[in-house]
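Since the structure comes first, as C-alpha cells, the remarks are kept for the end.
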Amino acid sequence: MSEIAVKKILVSACLAGEECRYDCQARPNAEIIKQVVEGTAIPVCPEQLGGLPTPRTPAEIIGDKVIDKNGNDVSKEYQNGAAEALRIAKEEGCTEAYLKAKSPMCGVGRIYDGSFSGRLIAGDGVFTKLLKSLGLSVHRVD
Ligand code: SF4
C-alpha cells in the first residue's frame, strides 16, 4: 500500500524556537513548535539562508530595496534567501506558510515603514511577496 502524503506547512524558524532573529532571539509559538516536532511544519529562516549573520543589523524595506540601519543595501541577500527558502518549500511540497509578523522578510500585510522608528505600514516582506506571487497561501503569526 502506498503511503498517504502528509500535508506540510512552511513556518518562520523564529516561530519554531530558533534563535535566528537579528538580535539572536526567537519568538516561539507553541502550536508551530508542536507541528515541527510532529514533522508537519518545515522551519526556514530566509534571512540566514541569504547568508546574513546572526546577530545582524536590523533592516527595513525602503522603496524596492532592503536597507539595514547602517545604510547598507542588503537587497541581494534578501532576494537570495527568499529564493532558497522557496526552493525548500517546493522540495517539501508546502503550499501554505505561517510567517512572523512585521519582518522585512516574513511580514504579512504589515511591515515597518523604513524609518526605523517602529511605525508600520501596509505591505509584505520580501519572502511573503514571493510566495504570494506564486499563489501560496500565507498567514501572519503575531
Ligand atoms: Fe524569523 Fe523570518 Fe526574520 Fe528569519 S527572516 S528571523 S524566520 S522573521
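Ordering of the C-alpha cells sets the chain letters (A, B, ...), residue numbers begin anew at 1 in every chain, and ligands are numbered from 1 in the order given.
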Alpha helix (DSSP H) positions in chain A, given as a CSV table (one decimal) with N, CA and C atoms, in the first residue's frame:
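selection_6.csv was written with the following content:
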```csv
chain,number,residue,atom,x,y,z
A,30,ALA,N,3.8,27.9,20.5
A,30,ALA,CA,3.6,26.5,20.9
A,30,ALA,C,3.0,25.7,19.8
A,31,GLU,N,2.0,26.2,19.1
A,31,GLU,CA,1.4,25.3,18.1
A,31,GLU,C,2.4,25.0,16.9
A,32,ILE,N,3.2,26.0,16.5
A,32,ILE,CA,4.1,25.8,15.5
A,32,ILE,C,5.2,24.8,15.9
A,33,ILE,N,5.7,25.0,17.1
A,33,ILE,CA,6.7,24.0,17.6
A,33,ILE,C,6.2,22.6,17.6
A,34,LYS,N,4.9,22.5,18.0
A,34,LYS,CA,4.3,21.1,18.0
A,34,LYS,C,4.3,20.5,16.6
A,35,GLN,N,3.9,21.3,15.6
A,35,GLN,CA,3.9,20.8,14.3
A,35,GLN,C,5.3,20.5,13.7
A,36,VAL,N,6.3,21.3,14.1
A,36,VAL,CA,7.7,21.0,13.7
A,36,VAL,C,8.1,19.6,14.3
A,37,VAL,N,7.8,19.4,15.6
A,37,VAL,CA,8.1,18.2,16.3
A,37,VAL,C,7.4,17.0,15.6
A,38,GLU,N,6.2,17.2,15.2
A,38,GLU,CA,5.4,16.1,14.6
A,38,GLU,C,5.8,15.9,13.1
A,46,PRO,N,14.7,32.7,6.1
A,46,PRO,CA,15.2,33.2,4.8
A,46,PRO,C,16.3,34.2,4.9
A,47,GLU,N,16.4,34.9,6.0
A,47,GLU,CA,17.5,35.9,6.2
A,47,GLU,C,18.8,35.2,6.3
A,48,GLN,N,18.8,34.1,7.2
A,48,GLN,CA,20.0,33.3,7.3
A,48,GLN,C,20.3,32.6,6.0
A,49,LEU,N,19.3,32.1,5.4
A,49,LEU,CA,19.6,31.4,4.1
A,49,LEU,C,20.2,32.2,3.0
A,75,SER,N,19.6,44.0,-0.2
A,75,SER,CA,18.5,43.5,-1.0
A,75,SER,C,18.9,42.2,-1.6
A,76,LYS,N,20.2,42.1,-2.1
A,76,LYS,CA,20.6,40.8,-2.7
A,76,LYS,C,20.5,39.6,-1.8
A,77,GLU,N,21.0,39.8,-0.5
A,77,GLU,CA,20.9,38.8,0.5
A,77,GLU,C,19.4,38.4,0.7
A,78,TYR,N,18.6,39.4,0.7
A,78,TYR,CA,17.1,39.1,0.9
A,78,TYR,C,16.6,38.3,-0.2
A,79,GLN,N,16.9,38.7,-1.4
A,79,GLN,CA,16.4,38.0,-2.6
A,79,GLN,C,16.9,36.6,-2.7
A,80,ASN,N,18.2,36.4,-2.4
A,80,ASN,CA,18.8,35.1,-2.4
A,80,ASN,C,18.2,34.2,-1.3
A,81,GLY,N,18.0,34.7,-0.2
A,81,GLY,CA,17.4,34.0,0.9
A,81,GLY,C,16.0,33.6,0.7
A,82,ALA,N,15.2,34.5,0.1
A,82,ALA,CA,13.8,34.2,-0.3
A,82,ALA,C,13.8,33.1,-1.3
A,83,ALA,N,14.7,33.1,-2.3
A,83,ALA,CA,14.7,32.1,-3.4
A,83,ALA,C,15.1,30.7,-2.8
A,84,GLU,N,16.0,30.7,-1.9
A,84,GLU,CA,16.5,29.4,-1.3
A,84,GLU,C,15.3,28.9,-0.4
A,85,ALA,N,14.7,29.7,0.4
A,85,ALA,CA,13.6,29.2,1.2
A,85,ALA,C,12.4,28.7,0.3
A,86,LEU,N,12.2,29.4,-0.8
A,86,LEU,CA,11.2,28.9,-1.8
A,86,LEU,C,11.6,27.5,-2.3
A,87,ARG,N,12.9,27.3,-2.6
A,87,ARG,CA,13.3,26.0,-3.1
A,87,ARG,C,13.0,24.9,-2.1
A,88,ILE,N,13.2,25.2,-0.8
A,88,ILE,CA,12.9,24.2,0.3
A,88,ILE,C,11.4,24.0,0.3
A,89,ALA,N,10.6,25.0,0.2
A,89,ALA,CA,9.2,24.9,0.3
A,89,ALA,C,8.7,23.9,-0.8
A,90,LYS,N,9.3,24.1,-2.0
A,90,LYS,CA,8.9,23.3,-3.2
A,90,LYS,C,9.3,21.8,-3.0
A,91,GLU,N,10.5,21.7,-2.5
A,91,GLU,CA,11.1,20.4,-2.2
A,91,GLU,C,10.2,19.6,-1.2
A,92,GLU,N,9.7,20.3,-0.2
A,92,GLU,CA,8.9,19.7,0.8
A,92,GLU,C,7.4,19.6,0.5
A,126,VAL,N,9.8,40.5,1.9
A,126,VAL,CA,10.3,40.0,0.6
A,126,VAL,C,9.9,38.6,0.3
A,127,PHE,N,10.0,37.7,1.3
A,127,PHE,CA,9.7,36.3,1.1
A,127,PHE,C,8.2,36.1,0.9
A,128,THR,N,7.4,36.8,1.7
A,128,THR,CA,6.0,36.7,1.6
A,128,THR,C,5.5,37.1,0.3
A,129,LYS,N,6.1,38.2,-0.3
A,129,LYS,CA,5.7,38.7,-1.6
A,129,LYS,C,6.0,37.6,-2.6
A,130,LEU,N,7.1,37.0,-2.5
A,130,LEU,CA,7.5,35.9,-3.5
A,130,LEU,C,6.5,34.8,-3.4
A,131,LEU,N,6.2,34.3,-2.2
A,131,LEU,CA,5.2,33.2,-2.0
A,131,LEU,C,3.9,33.6,-2.6
A,132,LYS,N,3.4,34.8,-2.3
A,132,LYS,CA,2.1,35.2,-2.7
A,132,LYS,C,2.0,35.3,-4.3
A,133,SER,N,3.1,35.7,-4.9
A,133,SER,CA,3.2,35.9,-6.3
A,133,SER,C,3.0,34.5,-7.0
```
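Using only C-alpha atoms, the contacts of Gly118 (chain A) at a cut-off of 12 Å, with sequence neighbours closer than 4 positions omitted, comprise A:Pro58, A:Ala59, A:Glu60, A:Lys102, A:Ser103, A:Arg110, A:Ile111, A:Tyr112, A:Asp113, A:Gly114.
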field: Exercise answer, 10 Å around ligand 1 with only C-alpha atoms and all ligand atoms, as a VMD selection string
entry: chain A and resid 11 to 27 43 to 50 52 54 to 55 58 78 81 to 82 85 99 to 107 125 to 128 141
task: Identify, with DSSP run on backbone atoms, the residues in chain A assigned to strand (DSSP E), and express the list as a ChimeraX atom specification.
output: /A:9-12,41-44,59-62,65-68,96-100,110-112,120-122,137-141
Please identify all polymer residues within 7 Å of Gly109 (chain A), counting only C-alpha atoms, omitting same-chain residues fewer than 6 positions from it, and present them as a short mmCIF file (atom, residue, chain, number, x, y, z; two decimals) with all heavy atoms, in the first residue's frame.
```cif
data_model
loop_
_atom_site.label_atom_id
_atom_site.label_comp_id
_atom_site.auth_asym_id
_atom_site.auth_seq_id
_atom_site.Cartn_x
_atom_site.Cartn_y
_atom_site.Cartn_z
N ALA A 122 1.14 49.30 5.45
CA ALA A 122 0.65 48.12 4.73
C ALA A 122 1.76 47.60 3.82
O ALA A 122 2.45 48.39 3.17
CB ALA A 122 -0.57 48.49 3.90
N GLY A 123 1.93 46.29 3.79
CA GLY A 123 2.94 45.71 2.89
C GLY A 123 3.35 44.33 3.34
O GLY A 123 3.00 43.89 4.44
N ASP A 124 4.07 43.66 2.48
CA ASP A 124 4.56 42.31 2.77
C ASP A 124 6.08 42.30 2.75
O ASP A 124 6.72 43.09 2.04
CB ASP A 124 4.07 41.33 1.69
CG ASP A 124 2.58 41.08 1.76
OD1 ASP A 124 2.02 41.05 2.88
OD2 ASP A 124 1.97 40.92 0.69
#
```
- request: Would you mind listing what lies within 12 Å of Gly93 (chain A) as number ranges by chain, with only C-alpha atoms counted and same-chain residues fewer than 6 positions away left out?
  value: A: 5-10, 40-42, 86-87, 136
Quick one: residues within 7 Å of Ser137 (chain A), only C-alpha atoms counted, chain neighbours fewer than 6 positions away excluded, as a PDB file with N, CA and C atoms, in the first residue's frame?
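Result went into result.pdb, see below:
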```pdb
ATOM      1  N   THR A  95       2.426  24.210   0.422  1.00  0.00           N
ATOM      2  CA  THR A  95       1.635  25.170  -0.369  1.00  0.00           C
ATOM      3  C   THR A  95       1.066  26.260   0.519  1.00  0.00           C
ATOM      4  N   GLU A  96       1.413  26.203   1.793  1.00  0.00           N
ATOM      5  CA  GLU A  96       0.885  27.150   2.759  1.00  0.00           C
ATOM      6  C   GLU A  96       2.011  27.539   3.719  1.00  0.00           C
ATOM      7  N   ALA A  97       2.022  28.810   4.162  1.00  0.00           N
ATOM      8  CA  ALA A  97       3.083  29.254   5.069  1.00  0.00           C
ATOM      9  C   ALA A  97       2.508  30.062   6.228  1.00  0.00           C
TER      10      ALA A  97
END
```
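Comparing the minimum interatomic distances between Asn70 (chain A) and each of A:Ser117, A:Gly39, A:Arg56, A:Val138, counting only C-alpha atoms, we find that A:Arg56 sits nearest.
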